[in-house]
>>> print(open('query_25.cif').read())   # mmCIF, C-alpha atoms and all ligand atoms
data_coords
loop_
_atom_site.label_atom_id
_atom_site.label_comp_id
_atom_site.auth_asym_id
_atom_site.auth_seq_id
_atom_site.Cartn_x
_atom_site.Cartn_y
_atom_site.Cartn_z
CA MET X 1 91.36 -176.96 23.34
CA GLU X 2 94.15 -174.57 24.17
CA GLY X 3 95.90 -173.12 21.17
CA LEU X 4 93.20 -174.31 18.79
CA ILE X 5 90.90 -171.94 16.96
CA PRO X 6 87.40 -172.90 18.00
CA ARG X 7 85.03 -174.22 15.39
CA ILE X 8 82.10 -172.85 17.37
CA ALA X 9 82.60 -169.77 19.56
CA ILE X 10 79.66 -168.68 21.67
CA THR X 11 80.21 -165.36 23.44
CA SER X 12 77.93 -163.71 26.02
CA LEU X 13 74.96 -165.30 24.30
CA GLY X 14 71.51 -164.37 25.56
CA LYS X 15 68.18 -165.37 24.10
CA THR X 16 64.77 -164.15 25.20
CA TRP X 17 61.72 -165.60 23.49
CA GLN X 18 58.73 -163.34 23.03
CA GLY X 19 55.79 -165.55 23.85
CA ARG X 20 52.07 -164.91 23.99
CA ARG X 21 52.23 -165.03 27.77
CA GLY X 22 55.17 -162.69 28.05
CA ASP X 23 58.89 -162.93 27.56
CA VAL X 24 60.93 -165.99 28.51
CA GLU X 25 64.62 -165.51 29.12
CA ALA X 26 65.81 -168.87 27.84
CA LEU X 27 69.58 -168.22 27.86
CA ARG X 28 71.79 -165.76 29.70
CA ASP X 29 75.46 -165.03 29.20
CA ILE X 30 76.47 -168.35 27.66
CA ASN X 31 80.17 -168.63 26.86
CA LEU X 32 81.39 -171.77 25.18
CA ALA X 33 84.06 -172.72 22.67
CA ILE X 34 84.12 -176.00 20.81
CA GLY X 35 87.34 -176.97 19.10
CA PRO X 36 87.81 -178.93 15.88
CA GLY X 37 87.07 -182.59 16.50
CA GLU X 38 85.64 -181.97 19.94
CA PHE X 39 82.49 -183.74 21.12
CA VAL X 40 80.63 -181.55 23.58
CA ALA X 41 77.42 -182.68 25.27
CA VAL X 42 74.87 -180.34 26.83
CA VAL X 43 72.68 -181.56 29.67
CA GLY X 44 70.31 -179.84 32.05
CA PRO X 45 66.79 -179.98 33.42
CA SER X 46 63.79 -179.69 31.14
CA GLY X 47 63.28 -176.14 29.93
CA CYS X 48 66.83 -174.93 30.69
CA GLY X 49 67.37 -173.81 27.11
CA LYS X 50 69.26 -176.71 25.50
CA SER X 51 67.19 -176.69 22.33
CA THR X 52 67.27 -172.89 22.25
CA LEU X 53 71.06 -173.02 22.31
CA LEU X 54 71.17 -175.48 19.45
CA SER X 55 68.63 -173.49 17.42
CA VAL X 56 70.74 -170.36 17.72
CA VAL X 57 73.93 -172.16 16.66
CA ALA X 58 72.02 -173.80 13.79
CA GLY X 59 70.80 -170.38 12.67
CA PHE X 60 67.10 -171.17 13.17
CA ALA X 61 66.82 -168.52 15.90
CA THR X 62 68.62 -165.19 16.36
CA PRO X 63 70.45 -164.20 19.55
CA THR X 64 69.00 -161.44 21.71
CA SER X 65 72.50 -160.54 22.86
CA GLY X 66 76.02 -161.81 22.31
CA LYS X 67 77.15 -163.76 19.28
CA VAL X 68 77.84 -167.14 17.76
CA LEU X 69 80.72 -167.64 15.36
CA VAL X 70 81.28 -170.79 13.35
CA ASP X 71 84.72 -170.93 11.81
CA GLY X 72 85.06 -167.25 12.58
CA LEU X 73 81.89 -166.21 10.75
CA SER X 74 78.79 -164.89 12.42
CA VAL X 75 75.82 -167.25 12.13
CA ASP X 76 72.99 -165.53 10.29
CA GLY X 77 70.87 -168.45 9.17
CA PRO X 78 71.03 -172.17 8.51
CA SER X 79 73.89 -173.44 6.36
CA PRO X 80 74.92 -176.80 4.90
CA GLU X 81 78.18 -176.32 6.85
CA ARG X 82 76.18 -176.99 10.01
CA GLY X 83 74.42 -180.34 9.98
CA VAL X 84 71.40 -180.77 12.23
CA MET X 85 69.71 -183.83 13.59
CA PHE X 86 66.78 -183.80 15.98
CA GLN X 87 64.83 -186.43 17.87
CA ASP X 88 61.87 -185.86 15.59
CA TYR X 89 63.61 -184.30 12.63
CA ALA X 90 61.13 -186.04 10.41
CA LEU X 91 62.41 -187.72 7.30
CA PHE X 92 60.47 -186.85 4.17
CA PRO X 93 57.83 -189.60 4.24
CA TRP X 94 57.32 -189.49 0.47
CA ARG X 95 61.01 -189.99 -0.30
CA THR X 96 62.93 -193.24 -0.14
CA VAL X 97 65.92 -193.71 2.15
CA ALA X 98 68.26 -192.91 -0.76
CA ASP X 99 66.31 -189.79 -1.71
CA ASN X 100 66.18 -188.59 1.89
CA ILE X 101 69.95 -188.95 2.16
CA GLY X 102 70.49 -187.36 -1.23
CA PHE X 103 68.27 -184.38 -0.49
CA GLY X 104 70.96 -182.02 0.81
CA PRO X 105 73.30 -182.60 -2.15
CA LEU X 106 70.32 -182.23 -4.54
CA ALA X 107 69.45 -178.90 -2.93
CA ARG X 108 73.08 -177.82 -3.32
CA GLY X 109 72.97 -178.66 -7.02
CA VAL X 110 75.30 -181.68 -6.85
CA LYS X 111 75.16 -183.67 -10.10
CA ARG X 112 73.34 -186.99 -10.20
CA ALA X 113 76.40 -189.26 -10.48
CA GLU X 114 78.09 -187.66 -7.50
CA ARG X 115 74.83 -187.76 -5.52
CA LEU X 116 74.57 -191.46 -6.20
CA GLU X 117 78.13 -191.96 -5.00
CA ILE X 118 77.48 -189.97 -1.79
CA THR X 119 74.25 -191.82 -1.10
CA GLN X 120 75.76 -195.25 -1.62
CA ARG X 121 78.72 -194.49 0.61
CA LEU X 122 76.49 -193.19 3.42
CA VAL X 123 73.97 -196.04 3.15
CA ALA X 124 76.89 -198.41 3.76
CA LEU X 125 78.40 -196.23 6.50
CA VAL X 126 75.22 -196.16 8.59
CA GLY X 127 74.39 -199.82 7.91
CA LEU X 128 71.31 -199.42 5.75
CA ASP X 129 72.48 -201.61 2.86
CA GLY X 130 69.52 -203.15 1.10
CA PHE X 131 67.11 -200.53 2.45
CA GLN X 132 67.85 -197.68 0.02
CA ASP X 133 64.50 -198.03 -1.72
CA ARG X 134 62.36 -198.27 1.40
CA TYR X 135 60.20 -195.45 2.68
CA PRO X 136 60.54 -194.15 6.25
CA HIS X 137 57.34 -195.86 7.44
CA GLU X 138 58.86 -199.19 6.41
CA LEU X 139 61.81 -198.73 8.78
CA SER X 140 62.29 -199.36 12.50
CA GLY X 141 63.00 -196.40 14.78
CA GLY X 142 66.70 -197.21 14.85
CA MET X 143 66.85 -197.42 11.08
CA ARG X 144 65.06 -194.09 10.72
CA GLN X 145 67.66 -192.45 12.94
CA ARG X 146 70.43 -194.09 10.90
CA CYS X 147 68.82 -192.54 7.83
CA ALA X 148 68.52 -189.14 9.58
CA LEU X 149 72.21 -189.36 10.53
CA ALA X 150 73.17 -190.17 6.93
CA ARG X 151 71.05 -187.26 5.73
CA MET X 152 72.90 -184.96 8.10
CA LEU X 153 76.26 -186.30 6.88
CA ALA X 154 75.40 -185.94 3.19
CA ASN X 155 76.61 -182.34 3.10
CA ASP X 156 79.76 -183.32 5.01
CA PRO X 157 79.10 -180.55 7.55
CA ALA X 158 81.98 -179.11 9.55
CA VAL X 159 79.92 -179.21 12.72
CA TRP X 160 77.21 -181.59 13.84
CA LEU X 161 74.36 -180.13 15.88
CA MET X 162 72.28 -182.84 17.48
CA ASP X 163 69.25 -182.36 19.74
CA GLU X 164 68.34 -185.59 21.55
CA PRO X 165 68.81 -187.57 18.34
CA LEU X 166 68.53 -190.93 20.09
CA ALA X 167 65.86 -190.08 22.67
CA ALA X 168 62.99 -191.77 20.84
CA LEU X 169 64.77 -195.13 20.64
CA ASP X 170 64.27 -198.11 22.93
CA PRO X 171 67.13 -198.56 25.43
CA GLN X 172 68.96 -201.34 23.60
CA THR X 173 68.76 -199.69 20.19
CA ARG X 174 69.91 -196.48 21.83
CA ILE X 175 73.05 -198.14 23.20
CA VAL X 176 73.80 -199.65 19.79
CA MET X 177 73.27 -196.26 18.13
CA GLN X 178 75.51 -194.47 20.62
CA ASP X 179 78.39 -196.70 19.63
CA GLU X 180 77.46 -196.43 15.94
CA LEU X 181 77.51 -192.66 16.26
CA LEU X 182 80.94 -192.77 17.89
CA ARG X 183 82.27 -195.09 15.18
CA ILE X 184 81.00 -192.81 12.41
CA TRP X 185 82.29 -189.70 14.20
CA GLY X 186 85.71 -191.33 14.43
CA ASP X 187 86.12 -192.65 17.99
CA GLU X 188 88.90 -194.93 16.78
CA ARG X 189 90.52 -192.39 14.51
CA PRO X 190 92.97 -189.62 15.38
CA ALA X 191 91.27 -186.49 16.76
CA ASP X 192 92.14 -184.42 13.69
CA GLN X 193 89.89 -186.61 11.56
CA ARG X 194 86.79 -185.89 13.62
CA ARG X 195 84.09 -183.23 13.35
CA ALA X 196 83.04 -180.84 16.09
CA VAL X 197 79.82 -182.00 17.72
CA LEU X 198 77.33 -180.18 19.94
CA PHE X 199 75.05 -182.86 21.33
CA VAL X 200 72.02 -182.19 23.52
CA THR X 201 70.71 -185.03 25.64
CA HIS X 202 68.68 -185.79 28.75
CA GLY X 203 70.80 -188.89 29.25
CA ILE X 204 73.66 -188.11 31.60
CA ASP X 205 75.18 -191.52 31.00
CA GLU X 206 74.88 -190.93 27.27
CA ALA X 207 76.61 -187.55 27.63
CA VAL X 208 79.49 -189.10 29.57
CA HIS X 209 79.80 -192.07 27.22
CA LEU X 210 80.00 -189.94 24.09
CA SER X 211 81.64 -186.66 24.89
CA ASP X 212 84.92 -184.97 25.69
CA ARG X 213 83.17 -182.36 27.85
CA VAL X 214 79.75 -182.11 29.40
CA VAL X 215 78.23 -178.65 29.74
CA VAL X 216 75.68 -178.58 32.55
CA LEU X 217 73.04 -175.87 32.17
CA ALA X 218 70.98 -174.39 34.99
CA ARG X 219 67.45 -173.13 34.32
CA ARG X 220 65.49 -169.89 34.59
CA PRO X 221 67.38 -168.40 32.89
CA GLY X 222 69.56 -171.00 31.19
CA ARG X 223 73.16 -170.51 32.29
CA VAL X 224 76.28 -172.62 32.28
CA ARG X 225 76.40 -174.18 35.72
CA ALA X 226 79.45 -176.37 35.24
CA VAL X 227 81.67 -177.86 32.58
CA ILE X 228 82.85 -181.39 33.33
CA GLU X 229 85.83 -182.83 31.48
CA VAL X 230 85.36 -186.46 30.48
CA ASP X 231 88.88 -187.72 30.52
CA LEU X 232 88.12 -191.30 29.48
CA PRO X 233 90.22 -192.91 26.74
CA ARG X 234 88.82 -193.64 23.28
CA PRO X 235 87.46 -195.80 21.79
CA ARG X 236 84.77 -195.80 24.44
CA SER X 237 82.57 -198.79 23.68
CA ALA X 238 84.26 -201.01 26.31
CA LEU X 239 84.08 -198.32 29.02
CA ARG X 240 80.34 -198.11 29.22
CA SER X 241 80.03 -199.08 32.87
CA SER X 242 83.49 -198.24 34.12
CA PRO X 243 83.76 -196.86 37.68
CA GLU X 244 85.18 -193.61 36.33
CA ALA X 245 82.20 -193.13 34.01
CA ALA X 246 79.82 -193.91 36.88
CA ARG X 247 81.59 -191.36 39.08
CA LEU X 248 81.16 -188.65 36.44
CA VAL X 249 77.49 -189.52 35.95
CA ALA X 250 76.91 -189.21 39.71
CA GLU X 251 78.76 -185.90 39.84
CA ILE X 252 76.65 -184.45 37.02
CA TRP X 253 73.40 -185.81 38.39
CA ALA X 254 74.14 -184.17 41.74
CA LEU X 255 74.39 -180.83 39.92
CA ILE X 256 71.05 -181.27 38.16
CA ARG X 257 68.89 -183.23 40.58
CA ASP X 258 67.16 -180.46 42.54
CA GLU X 259 66.35 -178.42 39.46
CA ALA X 260 65.16 -181.50 37.58
CA VAL X 261 62.68 -182.21 40.37
CA ASP X 262 61.48 -178.57 40.29
CA ALA X 263 61.10 -178.70 36.50
CA ILE X 264 58.94 -181.83 36.70
CA ARG X 265 56.78 -180.33 39.47
CA GLU X 266 56.18 -177.21 37.39
CA GLU X 267 55.38 -179.19 34.26
CA ASN X 268 52.81 -181.20 36.21
CA GLY X 269 50.93 -178.24 37.40
N1 LIG Z 301 59.87 -170.74 20.08
C1 LIG Z 301 59.68 -170.41 21.36
N2 LIG Z 301 58.86 -169.40 21.70
C2 LIG Z 301 58.67 -169.06 22.99
N3 LIG Z 301 59.28 -169.67 24.04
C3 LIG Z 301 60.10 -170.69 23.75
C4 LIG Z 301 60.35 -171.12 22.40
N4 LIG Z 301 61.23 -172.17 22.44
C5 LIG Z 301 61.51 -172.38 23.74
N5 LIG Z 301 60.84 -171.49 24.54
C6 LIG Z 301 60.95 -171.40 26.00
O1 LIG Z 301 62.32 -171.24 26.33
C7 LIG Z 301 62.65 -172.03 27.48
C8 LIG Z 301 63.75 -173.01 27.10
O2 LIG Z 301 63.19 -173.97 26.20
P1 LIG Z 301 64.06 -175.08 25.46
O3 LIG Z 301 63.14 -175.83 24.57
O4 LIG Z 301 65.23 -174.45 24.85
O5 LIG Z 301 64.52 -175.98 26.68
P2 LIG Z 301 65.14 -177.45 26.69
O6 LIG Z 301 66.24 -177.44 27.66
O7 LIG Z 301 65.43 -177.88 25.31
O8 LIG Z 301 63.93 -178.30 27.27
P3 LIG Z 301 63.65 -179.89 27.11
O9 LIG Z 301 64.65 -180.57 27.97
O10 LIG Z 301 62.26 -180.06 27.63
O11 LIG Z 301 63.79 -180.22 25.66
C9 LIG Z 301 61.36 -172.68 27.94
O12 LIG Z 301 60.79 -171.89 28.96
C10 LIG Z 301 60.51 -172.68 26.69
O13 LIG Z 301 59.13 -172.63 27.02
MG MG Z 302 64.78 -179.47 24.11
#
>>> encode(input="query_25.cif", output="structure tokens")
Amino acid sequence: MEGLIPRIAITSLGKTWQGRRGDVEALRDINLAIGPGEFVAVVGPSGCGKSTLLSVVAGFATPTSGKVLVDGLSVDGPSPERGVMFQDYALFPWRTVADNIGFGPLARGVKRAERLEITQRLVALVGLDGFQDRYPHELSGGMRQRCALARMLANDPAVWLMDEPLAALDPQTRIVMQDELLRIWGDERPADQRRAVLFVTHGIDEAVHLSDRVVVLARRPGRVRAVIEVDLPRPRSALRSSPEAARLVAEIWALIRDEAVDAIREENG
């Protein structure tokens, strides 16, 4: 990180939601810088503000205080430069796989021939060959998330903002997709060929497996509790259950455990 200009610079960020039952201070004084090619995961108990953080960086929500810069420019709305992918970021059900992937370029006014080229390349990249003409309801959960990933990539965004993108998948598909995501991000390539990623997850093991740093948020209000460096070599696929990874998972879980229990108690009544 040192010496690099951050792709995403979050400074003294606060966000208070005005709800029907009063104000909720979702984030307080968040400071975070994500460098080019850095993969940063955000974990924390339910309701600690992970999705709020991503929404603000995506430009879907405005900060109450502080600021977010992407490539030095203040975020003032969504932009094709910032790709987003959510757990339930529904694909357009009436569009085929190819048309879902090609939607961003179409909206940007990219000509048909180039759109076709982009779509074909991404269909192959995410492993959906032969499924271009299917509709989302004809796909498995894993294939839908492959399609959502390709749709995010279609604008070649400088930063990837992902909110629990794999959470809806069964455990085996999820493991496969974690490694697919790393491959597509560039786990085996030099760091300067990778995009900056901000990745929200409930899965601590997922966070450790994927990321260079894990930001642990505390709740009420959401604050940065700790930042854990994940100093494991890449590519990661063979390190899934290494002792070092397990040690980091235990360290992070120890930071979250008590609050996670509180959060579940509150949600249940
Ligand atoms: N649009 C909104 N309007 C009002 N309050 C909101 C809104 N979005 C989130 N909140 C509140 O802000 C707090 C943080 O919510 P947020 O969804 O960011 O947490 P989270 O960490 O993503 O939770 P989870 O792990 O359950 O996804 C919660 O108290 C939530 O109720
Ligand atoms: Mg959330």
>>> residues_near_ligand(input="query_25.cif", ligand="ligand LIG 301 (chain Z)", cutoff="9 Å", atoms="only C-alpha atoms and all ligand atoms", output="NGL selection string")
:X and (15-27 or 43-55 or 61 or 163-164 or 200-202 or 217 or 219-222)
>>> closest_residue(input="query_25.cif", among="X:Asn100, X:Ser12, X:Gln132, X:Asn31", to="Thr64 of chain X", atoms="only C-alpha atoms")
X:Ser12
>>> closest_residue(input="query_25.cif", among="X:Ile5, X:Leu161, X:Leu210, X:Leu255", to="Arg225 of chain X", atoms="all atoms listed in the file")
X:Leu255
>>> residues_around(input="query_25.cif", residues="Ala168 of chain X", least_positions_apart="6", cutoff="9 Å", atoms="only C-alpha atoms", output="list in words")
Gln87, Asp88, Gly141, Gly142 and Arg174 of chain X
>>> atom_distance(input="query_25.cif", atom1="atom CA of Val224 of chain X", atom2="atom CA of Asp71 of chain X")
22.2 Å
>>> atom_distance(input="query_25.cif", atom1="atom CA of Leu69 of chain X", atom2="atom CA of Arg7 of chain X")
7.9 Å
>>> residues_around(input="query_25.cif", residues="Pro233 of chain X", least_positions_apart="3", cutoff="10 Å", atoms="all atoms listed in the file", output="ChimeraX atom specification")
/X:187,212,230,236,239
>>> atom_distance(input="query_25.cif", atom1="atom CA of Leu149 of chain X", atom2="atom CA of Asp231 of chain X")
26.1 Å
>>> residues_around(input="query_25.cif", residues="Ala98 of chain X", least_positions_apart="6", cutoff="10 Å", atoms="all atoms listed in the file", output="PyMOL selection string")
chain X and resi 115-116+118-120+122-123+128+131-135+147+150-151
>>> axis_aligned_box(input="query_25.cif", around="segment 213-231 of chain X", padding_each_side="8 Å", output="lines of an AutoDock Vina configuration file")
center_x = 77.2
center_y = -178.1
center_z = 31.8
size_x = 39.4
size_y = 35.3
size_z = 23.9
>>> closest_residue(input="query_25.cif", among="X:Val261, X:Arg112, X:Val42, X:Val57", to="ligand MG 302 (chain Z)", atoms="all atoms listed in the file")
X:Val42
>>> closest_residue(input="query_25.cif", among="X:Ala167, X:Leu125, X:Leu139, X:Val197", to="ligand MG 302 (chain Z)", atoms="all atoms listed in the file")
X:Ala167
>>> closest_residue(input="query_25.cif", among="X:Gly83, X:Pro157, X:Gly35, X:Pro165", to="ligand MG 302 (chain Z)", atoms="only C-alpha atoms and all ligand atoms")
X:Pro165
>>> closest_residue(input="query_25.cif", among="X:Phe60, X:Trp160, X:Phe86, X:Trp94", to="ligand MG 302 (chain Z)", atoms="only C-alpha atoms and all ligand atoms")
X:Phe86
>>> residues_around(input="query_25.cif", residues="Arg240 of chain X", least_positions_apart="6", cutoff="9 Å", atoms="only C-alpha atoms", output="compact mmCIF listing (two decimals) with C-alpha atoms, keeping the file's coordinate frame")
# COMPACT_ATOMS: atom_id res chain seq x y z
CA ASP X 205 75.18 -191.52 31.00
CA HIS X 209 79.80 -192.07 27.22
CA ALA X 246 79.82 -193.91 36.88
>>> residues_around(input="query_25.cif", residues="Val249 of chain X", least_positions_apart="3", cutoff="7 Å", atoms="all atoms listed in the file", output="PyMOL selection string")
chain X and resi 204-205+208+245-246+252-253
>>> write_last_selection(input="query_25.cif", atoms="C-alpha atoms", output="JSON list (two decimals), in the coordinates of the input")
[["chain", "number", "residue", "atom", "x", "y", "z"],
["X", 204, "ILE", "CA", 73.66, -188.11, 31.60],
["X", 205, "ASP", "CA", 75.18, -191.52, 31.00],
["X", 208, "VAL", "CA", 79.49, -189.10, 29.57],
["X", 245, "ALA", "CA", 82.20, -193.13, 34.01],
["X", 246, "ALA", "CA", 79.82, -193.91, 36.88],
["X", 252, "ILE", "CA", 76.65, -184.45, 37.02],
["X", 253, "TRP", "CA", 73.40, -185.81, 38.39]]
